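Enquirer: The structure's right below; bear with me while I get my questions together.
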Amino acid sequence: MDAYIAKSANFAKPILNYIRDVVHSACPEVEEAIKWTFPNFLYKGILCHMAAFKAHCSFGFWNSRNVIGADAKDGGMGQFGRITSLSDLPTKAVLAGYVKKAAKLKDSGAVKSARRTQAKPRKPLVIPVYFKSALSRNKKAQATFDDFSYSHKKEYVQWVTEAKTEETRERRLQTALEWMAAGKSRNWKYARC
């Protein structure tokens, strides 16, 4: 984090140091880490984060709704808006209060990370009759296609069916059959070895 602050613009250095000092004084157990290329403060998970840009800084809490509530500003990636000077931040006492509240929420376990939603059910893959017919005449390609995952099958079907002319579609189908007979996925050229 020292290197991050040192590389920041001159206007940002006192702001970042101020935030860092307040966070450490309010929550002595906090740890520092660079995640997503900007500084984060960790206490039983991500507690808060700060960042410096060309013309402003930002600071925010992971569970901002529960920490700051209606006082949060819009704009930037933090809840304090675009911070261009120390006067844009709350006093040390107010800021320390937010940090302590965020740490208390982490301690209580009252705020849980948002659960990921269930994946959407897949649409059945519609394979055109001409594609199925061509596969049935090439047993190696058929066996490879049958063993492919849903996404690999979909890549081939889309590639062939999205052709704008009949000639292109036929050429792509023949290429697809050759590649599948050789056991290759649609994007085999880009696969890691």
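In the structure tokens, the first chain shown is A, the next is B, and so on; residue numbers restart at 1 for each chain, and ligands run from 1 in the order shown.
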What lies within 7 Å of region 62-69 of chain A using only C-alpha atoms, ignoring chain neighbours under 5 positions off, as JSON, numbers by chain?
Expert: {"A": [46, 47, 48, 98, 101, 102]}
Enquirer: Could you give me the residues within region 58-151 of chain A that DSSP places in alpha helix (DSSP H), as a PDB file with N, CA and C atoms, in the first residue's frame?
Expert:
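Saved as part24.pdb:
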ATOM      1  N   SER A  64     -21.938  -0.807   2.509  1.00  0.00           N
ATOM      2  CA  SER A  64     -22.180   0.623   2.721  1.00  0.00           C
ATOM      3  C   SER A  64     -23.597   0.937   3.212  1.00  0.00           C
ATOM      4  N   ARG A  65     -24.587   0.224   2.710  1.00  0.00           N
ATOM      5  CA  ARG A  65     -25.963   0.509   3.123  1.00  0.00           C
ATOM      6  C   ARG A  65     -26.135   0.349   4.629  1.00  0.00           C
ATOM      7  N   ASN A  66     -25.457  -0.640   5.171  1.00  0.00           N
ATOM      8  CA  ASN A  66     -25.574  -0.904   6.602  1.00  0.00           C
ATOM      9  C   ASN A  66     -24.661  -0.013   7.429  1.00  0.00           C
ATOM     10  N   VAL A  67     -23.620   0.513   6.838  1.00  0.00           N
ATOM     11  CA  VAL A  67     -22.666   1.342   7.571  1.00  0.00           C
ATOM     12  C   VAL A  67     -23.036   2.811   7.505  1.00  0.00           C
ATOM     13  N   LYS A  92     -12.375  13.080  11.503  1.00  0.00           N
ATOM     14  CA  LYS A  92     -11.794  11.808  11.942  1.00  0.00           C
ATOM     15  C   LYS A  92     -12.754  11.039  12.835  1.00  0.00           C
ATOM     16  N   ALA A  93     -13.450  11.744  13.726  1.00  0.00           N
ATOM     17  CA  ALA A  93     -14.372  11.079  14.646  1.00  0.00           C
ATOM     18  C   ALA A  93     -15.523  10.406  13.897  1.00  0.00           C
ATOM     19  N   VAL A  94     -16.088  11.104  12.922  1.00  0.00           N
ATOM     20  CA  VAL A  94     -17.204  10.548  12.146  1.00  0.00           C
ATOM     21  C   VAL A  94     -16.724   9.366  11.307  1.00  0.00           C
ATOM     22  N   LEU A  95     -15.591   9.537  10.631  1.00  0.00           N
ATOM     23  CA  LEU A  95     -15.050   8.471   9.790  1.00  0.00           C
ATOM     24  C   LEU A  95     -14.680   7.251  10.630  1.00  0.00           C
ATOM     25  N   ALA A  96     -14.068   7.489  11.797  1.00  0.00           N
ATOM     26  CA  ALA A  96     -13.723   6.382  12.699  1.00  0.00           C
ATOM     27  C   ALA A  96     -14.983   5.671  13.177  1.00  0.00           C
ATOM     28  N   GLY A  97     -16.056   6.427  13.385  1.00  0.00           N
ATOM     29  CA  GLY A  97     -17.328   5.817  13.776  1.00  0.00           C
ATOM     30  C   GLY A  97     -17.854   4.870  12.712  1.00  0.00           C
ATOM     31  N   TYR A  98     -17.730   5.272  11.450  1.00  0.00           N
ATOM     32  CA  TYR A  98     -18.143   4.393  10.353  1.00  0.00           C
ATOM     33  C   TYR A  98     -17.304   3.117  10.329  1.00  0.00           C
ATOM     34  N   VAL A  99     -15.990   3.279  10.511  1.00  0.00           N
ATOM     35  CA  VAL A  99     -15.096   2.105  10.498  1.00  0.00           C
ATOM     36  C   VAL A  99     -15.453   1.159  11.639  1.00  0.00           C
ATOM     37  N   LYS A 100     -15.684   1.724  12.820  1.00  0.00           N
ATOM     38  CA  LYS A 100     -16.045   0.893  13.984  1.00  0.00           C
ATOM     39  C   LYS A 100     -17.382   0.189  13.759  1.00  0.00           C
ATOM     40  N   LYS A 101     -18.318   0.890  13.158  1.00  0.00           N
ATOM     41  CA  LYS A 101     -19.624   0.285  12.872  1.00  0.00           C
ATOM     42  C   LYS A 101     -19.477  -0.862  11.878  1.00  0.00           C
ATOM     43  N   ALA A 102     -18.661  -0.652  10.844  1.00  0.00           N
ATOM     44  CA  ALA A 102     -18.428  -1.716   9.855  1.00  0.00           C
ATOM     45  C   ALA A 102     -17.780  -2.931  10.511  1.00  0.00           C
ATOM     46  N   ALA A 103     -16.803  -2.699  11.399  1.00  0.00           N
ATOM     47  CA  ALA A 103     -16.129  -3.810  12.092  1.00  0.00           C
ATOM     48  C   ALA A 103     -17.109  -4.520  13.022  1.00  0.00           C
ATOM     49  N   LYS A 104     -17.959  -3.762  13.687  1.00  0.00           N
ATOM     50  CA  LYS A 104     -18.947  -4.361  14.599  1.00  0.00           C
ATOM     51  C   LYS A 104     -19.931  -5.237  13.828  1.00  0.00           C
ATOM     52  N   LEU A 105     -20.326  -4.782  12.656  1.00  0.00           N
ATOM     53  CA  LEU A 105     -21.212  -5.593  11.808  1.00  0.00           C
ATOM     54  C   LEU A 105     -20.529  -6.893  11.401  1.00  0.00           C
ATOM     55  N   LYS A 106     -19.238  -6.805  11.092  1.00  0.00           N
ATOM     56  CA  LYS A 106     -18.484  -8.024  10.741  1.00  0.00           C
ATOM     57  C   LYS A 106     -18.419  -8.961  11.942  1.00  0.00           C
ATOM     58  N   ASP A 107     -18.160  -8.399  13.139  1.00  0.00           N
ATOM     59  CA  ASP A 107     -18.070  -9.213  14.355  1.00  0.00           C
ATOM     60  C   ASP A 107     -19.385  -9.918  14.666  1.00  0.00           C
ATOM     61  N   SER A 108     -20.480  -9.209  14.489  1.00  0.00           N
ATOM     62  CA  SER A 108     -21.784  -9.765  14.835  1.00  0.00           C
ATOM     63  C   SER A 108     -22.264 -10.810  13.833  1.00  0.00           C
ATOM     64  N   VAL A 129     -31.769 -30.007 -38.793  1.00  0.00           N
ATOM     65  CA  VAL A 129     -31.828 -31.342 -39.397  1.00  0.00           C
ATOM     66  C   VAL A 129     -30.599 -31.587 -40.277  1.00  0.00           C
ATOM     67  N   TYR A 130     -30.204 -30.594 -41.109  1.00  0.00           N
ATOM     68  CA  TYR A 130     -29.049 -30.783 -41.993  1.00  0.00           C
ATOM     69  C   TYR A 130     -27.764 -31.015 -41.194  1.00  0.00           C
ATOM     70  N   PHE A 131     -27.664 -30.436 -40.007  1.00  0.00           N
ATOM     71  CA  PHE A 131     -26.485 -30.615 -39.152  1.00  0.00           C
ATOM     72  C   PHE A 131     -26.479 -32.047 -38.604  1.00  0.00           C
ATOM     73  N   LYS A 132     -27.636 -32.498 -38.110  1.00  0.00           N
ATOM     74  CA  LYS A 132     -27.755 -33.863 -37.586  1.00  0.00           C
ATOM     75  C   LYS A 132     -27.479 -34.888 -38.678  1.00  0.00           C
ATOM     76  N   SER A 133     -28.003 -34.622 -39.879  1.00  0.00           N
ATOM     77  CA  SER A 133     -27.816 -35.539 -41.003  1.00  0.00           C
ATOM     78  C   SER A 133     -26.340 -35.656 -41.363  1.00  0.00           C
ATOM     79  N   ALA A 134     -25.640 -34.532 -41.422  1.00  0.00           N
ATOM     80  CA  ALA A 134     -24.209 -34.544 -41.745  1.00  0.00           C
ATOM     81  C   ALA A 134     -23.428 -35.285 -40.665  1.00  0.00           C
ATOM     82  N   LEU A 135     -23.790 -35.089 -39.417  1.00  0.00           N
ATOM     83  CA  LEU A 135     -23.115 -35.796 -38.323  1.00  0.00           C
ATOM     84  C   LEU A 135     -23.333 -37.308 -38.425  1.00  0.00           C
ATOM     85  N   SER A 136     -24.546 -37.714 -38.780  1.00  0.00           N
ATOM     86  CA  SER A 136     -24.846 -39.150 -38.841  1.00  0.00           C
ATOM     87  C   SER A 136     -24.041 -39.865 -39.920  1.00  0.00           C
ATOM     88  N   LYS A 139     -19.153 -40.923 -38.423  1.00  0.00           N
ATOM     89  CA  LYS A 139     -19.242 -41.540 -37.087  1.00  0.00           C
ATOM     90  C   LYS A 139     -18.260 -40.922 -36.088  1.00  0.00           C
ATOM     91  N   LYS A 140     -17.028 -40.589 -36.534  1.00  0.00           N
ATOM     92  CA  LYS A 140     -16.047 -39.982 -35.619  1.00  0.00           C
ATOM     93  C   LYS A 140     -16.528 -38.606 -35.151  1.00  0.00           C
ATOM     94  N   ALA A 141     -17.027 -37.812 -36.091  1.00  0.00           N
ATOM     95  CA  ALA A 141     -17.533 -36.486 -35.750  1.00  0.00           C
ATOM     96  C   ALA A 141     -18.739 -36.607 -34.831  1.00  0.00           C
ATOM     97  N   GLN A 142     -19.612 -37.567 -35.110  1.00  0.00           N
ATOM     98  CA  GLN A 142     -20.799 -37.785 -34.275  1.00  0.00           C
ATOM     99  C   GLN A 142     -20.393 -38.149 -32.847  1.00  0.00           C
ATOM    100  N   ALA A 143     -19.424 -39.057 -32.707  1.00  0.00           N
ATOM    101  CA  ALA A 143     -18.970 -39.474 -31.369  1.00  0.00           C
ATOM    102  C   ALA A 143     -18.363 -38.298 -30.604  1.00  0.00           C
ATOM    103  N   THR A 144     -17.564 -37.486 -31.285  1.00  0.00           N
ATOM    104  CA  THR A 144     -16.956 -36.316 -30.644  1.00  0.00           C
ATOM    105  C   THR A 144     -18.034 -35.331 -30.233  1.00  0.00           C
ATOM    106  N   PHE A 145     -18.966 -35.056 -31.134  1.00  0.00           N
ATOM    107  CA  PHE A 145     -20.038 -34.109 -30.853  1.00  0.00           C
ATOM    108  C   PHE A 145     -20.865 -34.578 -29.657  1.00  0.00           C
ATOM    109  N   ASP A 146     -21.171 -35.864 -29.599  1.00  0.00           N
ATOM    110  CA  ASP A 146     -21.959 -36.406 -28.495  1.00  0.00           C
ATOM    111  C   ASP A 146     -21.225 -36.273 -27.157  1.00  0.00           C
ATOM    112  N   ASP A 147     -19.889 -36.355 -27.177  1.00  0.00           N
ATOM    113  CA  ASP A 147     -19.101 -36.245 -25.957  1.00  0.00           C
ATOM    114  C   ASP A 147     -18.844 -34.800 -25.529  1.00  0.00           C
ATOM    115  N   TYR A 150     -22.240 -28.983 -23.392  1.00  0.00           N
ATOM    116  CA  TYR A 150     -23.298 -28.170 -23.995  1.00  0.00           C
ATOM    117  C   TYR A 150     -22.698 -26.968 -24.726  1.00  0.00           C
ATOM    118  N   SER A 151     -21.748 -26.275 -24.067  1.00  0.00           N
ATOM    119  CA  SER A 151     -21.196 -25.052 -24.661  1.00  0.00           C
ATOM    120  C   SER A 151     -20.398 -25.341 -25.931  1.00  0.00           C
TER     121      SER A 151
END
Enquirer: Given the choices A:Asp21, A:Glu155, A:Glu162, A:Glu167, which gets closest to Asn187 (chain A) if the distance is worked out from only C-alpha atoms?
Expert: A:Glu155
Enquirer: Using only C-alpha atoms, which protein or nucleic acid residues come within 7 Å of Ala12 (chain A)? Drop anything in the same chain fewer than 4 positions from it, and give the result as a ChimeraX atom specification.
Expert: /A:8,16,52,57
